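Q: Could you have a look at this structure, given as structure tokens, before my questions?
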Amino acid sequence: MKTVKLSFFSIFLLSATLAGAQSYAFKVLANKGANEVKSGTEAWQPIRTGATLKSDDELKLSDNSYIGLVHANGKPVELKQPGSYKVADLAAKVGGSSTVLGKYTDFIMSNNSAEAKKNRLSATGAVHRGEATAITIKLPENPSVYNSAKTVITWEANKVEGPYIVVINDMFGEQLAKLETNESAIQIDLDDAKFAGQNAVVLEVYSKTDPTKKSAEKMIKKLTPAERVALKTSIDEVAKDITEETAINKIILAQLYEEKKLPIDAIAAYEAAIKLAPEVQEYKDMYEDYLIRAGIKR
């Protein structure tokens with residue numbers, strides 16, 4: 001008899017858990033502007049990041065606003081156009097069953113919570129420059145890159161204005177390429193013939209007007225064919241659900257690359273997200289938090 005009671009109790013707990021898991025349609029990942037939400041006949045209320053939205057809720061976006069939503073199955077939705085939106089209609093457009101996106105969006109949501117931010121600030125203290133150099137390349141030591149044809153390198157220049165010179169050498173110090181840019185970032189095609197046969201390259205950035213103002217050297221490793229094959233299946237499984245060029249999709253890609261220990265690709269995804277939605281502070285905060293987690297900033 002005792003076993004039967006436990007079985008019924010277990011079923012009850014499972015049913016309650018499933019009901020709780022399905023009690024919302026979306027969570028608010030990012031919010032910018034005087035946006036509001038209304039539940040049923042209740043009055044309009046300001047929406048907040050981290051809030052959950054039910055199917056019978058309605059959203060109202062003001063001018064020049066933005067909302068990034070994550071569906072219960074993990075799929076993202078980005079809203080930019082002012083107007084009213086019924087949550088049920090948004091959920092119907094998402095469709096589909098639960099996807100592998102869920103674990104990445106869950107991490108992003110938990111890492112962006114007020115409590116998580118408070119704990120992180122307490123643990124890390126003030127952020128300061130990690131290198132005593134005029135220019136700091138935003139990379140940890142010896143990173144690998146997955147999207148080698150679109151290798152994005154970014155840096156911070158402490159009172160050093162462009163143009164900048166980017167020198168790429170082989171492991172023996174022989175120059176392979178020398179590039180110039182006015183921006184604090186550059187995209188390099190490591191699949192280009194000039195880098196053929198190189199398992200790794202070494203980069204250095206310096207000021208064109210004052211070459212003494214430069215960065216430390218940073219090595220970038222190219223994945224072996226076997227390493228690429230091992231990563232491709234899991235990366236493609238996520239990427240197929242976030243093909244649109246939206247900021248929220250780039251944020252999810254950044255988390256995917258972080259999990260795979262691909263900081264160059266993660267940073268490129270964060271930078272792309274901020275370019276697509278420069279007014280959304282949450283995405284800038286997420287990027288800053290990642291740089292701290294990765295040990296690039298301390």
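Chain lettering (A, B, ...) mirrors the order of the structure tokens, residue numbering begins at 1 for each chain separately, and ligand numbering begins at 1 in order of display.
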How would you write, as a PyMOL selection string, the set of residues in stretch 40-170 of chain A that DSSP gives as strand (DSSP E or B)?
A: chain A and resi 45-46+52-53+57-61+66-71+76-79+83-86+135-137+144-145+151-157+164-169
Q: Give me, as a PDB file with N, CA and C atoms, in the first residue's frame, all polymer residues having an atom no more than 12 Å from A:Val94, counting only C-alpha atoms and skipping those fewer than 6 positions away in the same chain.
A:
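out-v5.pdb was written with the following content:
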ATOM      1  N   ALA A  25       4.396  31.668 -21.388  1.00  0.00           N
ATOM      2  CA  ALA A  25       4.664  31.563 -22.820  1.00  0.00           C
ATOM      3  C   ALA A  25       6.053  32.090 -23.161  1.00  0.00           C
ATOM      4  N   PHE A  26       6.421  33.240 -22.562  1.00  0.00           N
ATOM      5  CA  PHE A  26       7.715  33.860 -22.836  1.00  0.00           C
ATOM      6  C   PHE A  26       8.325  34.400 -21.546  1.00  0.00           C
ATOM      7  N   LEU A  69      12.423  38.496 -26.409  1.00  0.00           N
ATOM      8  CA  LEU A  69      11.675  37.472 -25.674  1.00  0.00           C
ATOM      9  C   LEU A  69      12.257  36.085 -25.937  1.00  0.00           C
ATOM     10  N   VAL A  70      12.088  35.203 -24.966  1.00  0.00           N
ATOM     11  CA  VAL A  70      12.466  33.804 -25.126  1.00  0.00           C
ATOM     12  C   VAL A  70      11.242  32.954 -24.850  1.00  0.00           C
ATOM     13  N   HIS A  71      10.831  32.154 -25.832  1.00  0.00           N
ATOM     14  CA  HIS A  71       9.672  31.284 -25.679  1.00  0.00           C
ATOM     15  C   HIS A  71       9.983  30.161 -24.686  1.00  0.00           C
ATOM     16  N   ALA A  72       8.939  29.524 -24.169  1.00  0.00           N
ATOM     17  CA  ALA A  72       9.112  28.429 -23.215  1.00  0.00           C
ATOM     18  C   ALA A  72       9.926  27.289 -23.802  1.00  0.00           C
ATOM     19  N   ASN A  73       9.930  27.145 -25.140  1.00  0.00           N
ATOM     20  CA  ASN A  73      10.727  26.086 -25.748  1.00  0.00           C
ATOM     21  C   ASN A  73      12.144  26.535 -26.089  1.00  0.00           C
ATOM     22  N   GLY A  74      12.487  27.778 -25.726  1.00  0.00           N
ATOM     23  CA  GLY A  74      13.841  28.258 -25.942  1.00  0.00           C
ATOM     24  C   GLY A  74      14.030  29.137 -27.154  1.00  0.00           C
ATOM     25  N   LYS A  75      13.037  29.196 -28.044  1.00  0.00           N
ATOM     26  CA  LYS A  75      13.197  29.984 -29.261  1.00  0.00           C
ATOM     27  C   LYS A  75      13.023  31.480 -28.975  1.00  0.00           C
ATOM     28  N   PRO A  76      13.855  32.317 -29.607  1.00  0.00           N
ATOM     29  CA  PRO A  76      13.807  33.754 -29.345  1.00  0.00           C
ATOM     30  C   PRO A  76      12.862  34.507 -30.284  1.00  0.00           C
ATOM     31  N   VAL A  77      12.358  35.631 -29.798  1.00  0.00           N
ATOM     32  CA  VAL A  77      11.528  36.534 -30.601  1.00  0.00           C
ATOM     33  C   VAL A  77      11.996  37.958 -30.312  1.00  0.00           C
ATOM     34  N   GLU A  78      12.180  38.734 -31.355  1.00  0.00           N
ATOM     35  CA  GLU A  78      12.637  40.117 -31.202  1.00  0.00           C
ATOM     36  C   GLU A  78      11.552  41.059 -31.715  1.00  0.00           C
ATOM     37  N   VAL A  87       0.274  38.084 -26.817  1.00  0.00           N
ATOM     38  CA  VAL A  87       1.281  37.060 -26.542  1.00  0.00           C
ATOM     39  C   VAL A  87       0.909  35.736 -27.202  1.00  0.00           C
ATOM     40  N   ALA A  88      -0.385  35.418 -27.223  1.00  0.00           N
ATOM     41  CA  ALA A  88      -0.830  34.167 -27.855  1.00  0.00           C
ATOM     42  C   ALA A  88      -0.466  34.145 -29.333  1.00  0.00           C
ATOM     43  N   ASP A 241      18.122  26.981 -35.823  1.00  0.00           N
ATOM     44  CA  ASP A 241      16.916  27.601 -35.264  1.00  0.00           C
ATOM     45  C   ASP A 241      17.059  29.112 -35.084  1.00  0.00           C
ATOM     46  N   ILE A 242      18.231  29.658 -35.366  1.00  0.00           N
ATOM     47  CA  ILE A 242      18.451  31.103 -35.165  1.00  0.00           C
ATOM     48  C   ILE A 242      19.194  31.680 -36.376  1.00  0.00           C
TER      49      ILE A 242
END
Q: Out of A:Phe195, A:Tyr85, A:Tyr290, A:Tyr164, which residue has the shortest atom-to-atom distance to A:Leu176 when counting only C-alpha atoms?
A: A:Phe195
Q: Suppose you want the space between atom CA of A:Thr99 and atom CA of A:Ile235; what is it in Å?
A: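 These two atoms are separated by 13.2 Å.
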Q: Taking only C-alpha atoms into account, which of A:Ile135, A:Ala51, A:Ile292, A:Ala177 comes nearest A:Lys213?
A: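 Under the stated criterion, the closest residue is A:Ile135.
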Q: Let me make sure I understand: among A:Asp210, A:Thr41, A:Ala226, A:Val205, which one has the smallest atom-to-atom distance to A:Asn169 if we use only C-alpha atoms?
A: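 With only C-alpha atoms as the atom set, the closest residue is A:Val205.
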Q: I need the residue nearest A:Lys240 from this list: A:Val201, A:Gly83, A:Thr154, A:Leu253. Use only C-alpha atoms for the distance.
A: A:Leu253
Q: From a backbone DSSP assignment, name each residue in stretch 90-255 of chain A labelled helix (DSSP H, G or I), as a VMD selection string.
A: chain A and resid 90 to 94 101 to 111 114 to 124 148 to 150 193 to 195 225 to 239 247 to 255
Q: List as a PyMOL selection string the protein and nucleic acid residues near A:Glu259, meaning an atom at most 12 Å away when only C-alpha atoms are counted, but skip any in the same chain fewer than 6 places from it.
A: chain A and resi 103-104+107-108+231+234-235+252-253+265-266+290+293-294
Q: Those residues with all heavy atoms, as a short mmCIF file (atom, residue, chain, number, x, y, z; two decimals), in the first residue's frame please?
A:
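After the write, result_0.cif holds the following:
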data_model
loop_
_atom_site.label_atom_id
_atom_site.label_comp_id
_atom_site.auth_asym_id
_atom_site.auth_seq_id
_atom_site.Cartn_x
_atom_site.Cartn_y
_atom_site.Cartn_z
N LYS A 103 18.62 25.30 -23.16
CA LYS A 103 19.68 25.34 -22.14
C LYS A 103 20.53 26.60 -22.28
O LYS A 103 21.05 27.10 -21.28
CB LYS A 103 20.55 24.09 -22.20
CG LYS A 103 21.52 24.00 -23.35
CD LYS A 103 22.45 22.80 -23.11
CE LYS A 103 23.52 22.70 -24.18
NZ LYS A 103 24.49 21.63 -23.89
N TYR A 104 20.64 27.14 -23.51
CA TYR A 104 21.42 28.36 -23.69
C TYR A 104 20.64 29.59 -23.23
O TYR A 104 21.19 30.47 -22.57
CB TYR A 104 21.83 28.50 -25.16
CG TYR A 104 22.68 27.34 -25.62
CD1 TYR A 104 22.15 26.34 -26.43
CD2 TYR A 104 24.00 27.22 -25.20
CE1 TYR A 104 22.92 25.26 -26.82
CE2 TYR A 104 24.77 26.14 -25.59
CZ TYR A 104 24.23 25.17 -26.40
OH TYR A 104 24.99 24.08 -26.78
N PHE A 107 20.52 29.69 -19.43
CA PHE A 107 21.75 30.21 -18.84
C PHE A 107 21.80 31.73 -18.95
O PHE A 107 22.18 32.42 -18.00
CB PHE A 107 22.97 29.60 -19.53
CG PHE A 107 24.28 30.15 -19.03
CD1 PHE A 107 24.89 29.62 -17.90
CD2 PHE A 107 24.89 31.22 -19.66
CE1 PHE A 107 26.08 30.14 -17.42
CE2 PHE A 107 26.08 31.75 -19.19
CZ PHE A 107 26.69 31.20 -18.06
N ILE A 108 21.42 32.26 -20.11
CA ILE A 108 21.44 33.70 -20.32
C ILE A 108 20.50 34.39 -19.33
O ILE A 108 20.85 35.40 -18.71
CB ILE A 108 21.06 34.06 -21.77
CG1 ILE A 108 22.13 33.53 -22.73
CG2 ILE A 108 20.92 35.56 -21.94
CD1 ILE A 108 21.70 33.56 -24.19
N LEU A 231 32.84 19.56 -33.39
CA LEU A 231 32.03 20.71 -32.98
C LEU A 231 30.84 20.98 -33.90
O LEU A 231 29.81 21.49 -33.46
CB LEU A 231 32.90 21.96 -32.91
CG LEU A 231 33.90 22.07 -31.76
CD1 LEU A 231 34.90 23.18 -32.04
CD2 LEU A 231 33.17 22.32 -30.45
N SER A 234 26.93 19.77 -33.14
CA SER A 234 26.23 20.45 -32.04
C SER A 234 26.02 21.93 -32.34
O SER A 234 24.99 22.49 -31.96
CB SER A 234 27.00 20.27 -30.73
OG SER A 234 28.32 20.75 -30.85
N ILE A 235 26.97 22.56 -33.02
CA ILE A 235 26.80 23.98 -33.37
C ILE A 235 25.69 24.14 -34.41
O ILE A 235 24.83 25.02 -34.30
CB ILE A 235 28.13 24.57 -33.87
CG1 ILE A 235 29.09 24.73 -32.69
CG2 ILE A 235 27.90 25.94 -34.53
CD1 ILE A 235 30.47 25.23 -33.06
N ILE A 252 22.44 34.40 -28.32
CA ILE A 252 22.37 32.95 -28.11
C ILE A 252 23.58 32.26 -28.72
O ILE A 252 24.17 31.35 -28.13
CB ILE A 252 21.06 32.39 -28.69
CG1 ILE A 252 19.86 32.94 -27.90
CG2 ILE A 252 21.05 30.86 -28.64
CD1 ILE A 252 18.52 32.65 -28.53
N LEU A 253 23.99 32.71 -29.92
CA LEU A 253 25.20 32.15 -30.53
C LEU A 253 26.42 32.39 -29.65
O LEU A 253 27.28 31.51 -29.52
CB LEU A 253 25.43 32.79 -31.91
CG LEU A 253 24.72 32.17 -33.11
CD1 LEU A 253 25.05 32.97 -34.37
CD2 LEU A 253 25.13 30.71 -33.30
N ASP A 265 34.93 33.48 -31.45
CA ASP A 265 33.60 33.42 -32.05
C ASP A 265 32.55 34.02 -31.11
O ASP A 265 31.62 34.69 -31.57
CB ASP A 265 33.25 31.96 -32.37
CG ASP A 265 34.27 31.32 -33.29
OD1 ASP A 265 34.19 31.52 -34.50
OD2 ASP A 265 35.17 30.63 -32.78
N ALA A 266 32.70 33.80 -29.81
CA ALA A 266 31.76 34.38 -28.84
C ALA A 266 31.82 35.90 -28.87
O ALA A 266 30.79 36.58 -28.90
CB ALA A 266 32.07 33.86 -27.43
N TYR A 290 30.63 38.55 -19.88
CA TYR A 290 31.37 37.45 -20.53
C TYR A 290 32.88 37.71 -20.48
O TYR A 290 33.66 36.80 -20.20
CB TYR A 290 30.93 37.29 -21.98
CG TYR A 290 31.87 36.36 -22.73
CD1 TYR A 290 31.93 35.00 -22.43
CD2 TYR A 290 32.76 36.87 -23.68
CE1 TYR A 290 32.82 34.16 -23.08
CE2 TYR A 290 33.66 36.03 -24.32
CZ TYR A 290 33.68 34.69 -24.02
OH TYR A 290 34.58 33.85 -24.64
N ARG A 293 34.01 36.70 -17.14
CA ARG A 293 34.01 35.25 -16.97
C ARG A 293 35.18 34.59 -17.70
O ARG A 293 35.77 33.63 -17.23
CB ARG A 293 32.70 34.65 -17.49
CG ARG A 293 31.49 34.87 -16.65
CD ARG A 293 30.36 33.91 -17.01
NE ARG A 293 29.99 33.95 -18.41
CZ ARG A 293 29.13 34.80 -18.94
NH1 ARG A 293 28.57 35.74 -18.17
NH2 ARG A 293 28.82 34.76 -20.22
N ALA A 294 35.50 35.14 -18.88
CA ALA A 294 36.55 34.57 -19.72
C ALA A 294 37.94 34.96 -19.25
O ALA A 294 38.94 34.50 -19.81
CB ALA A 294 36.34 34.97 -21.17
#
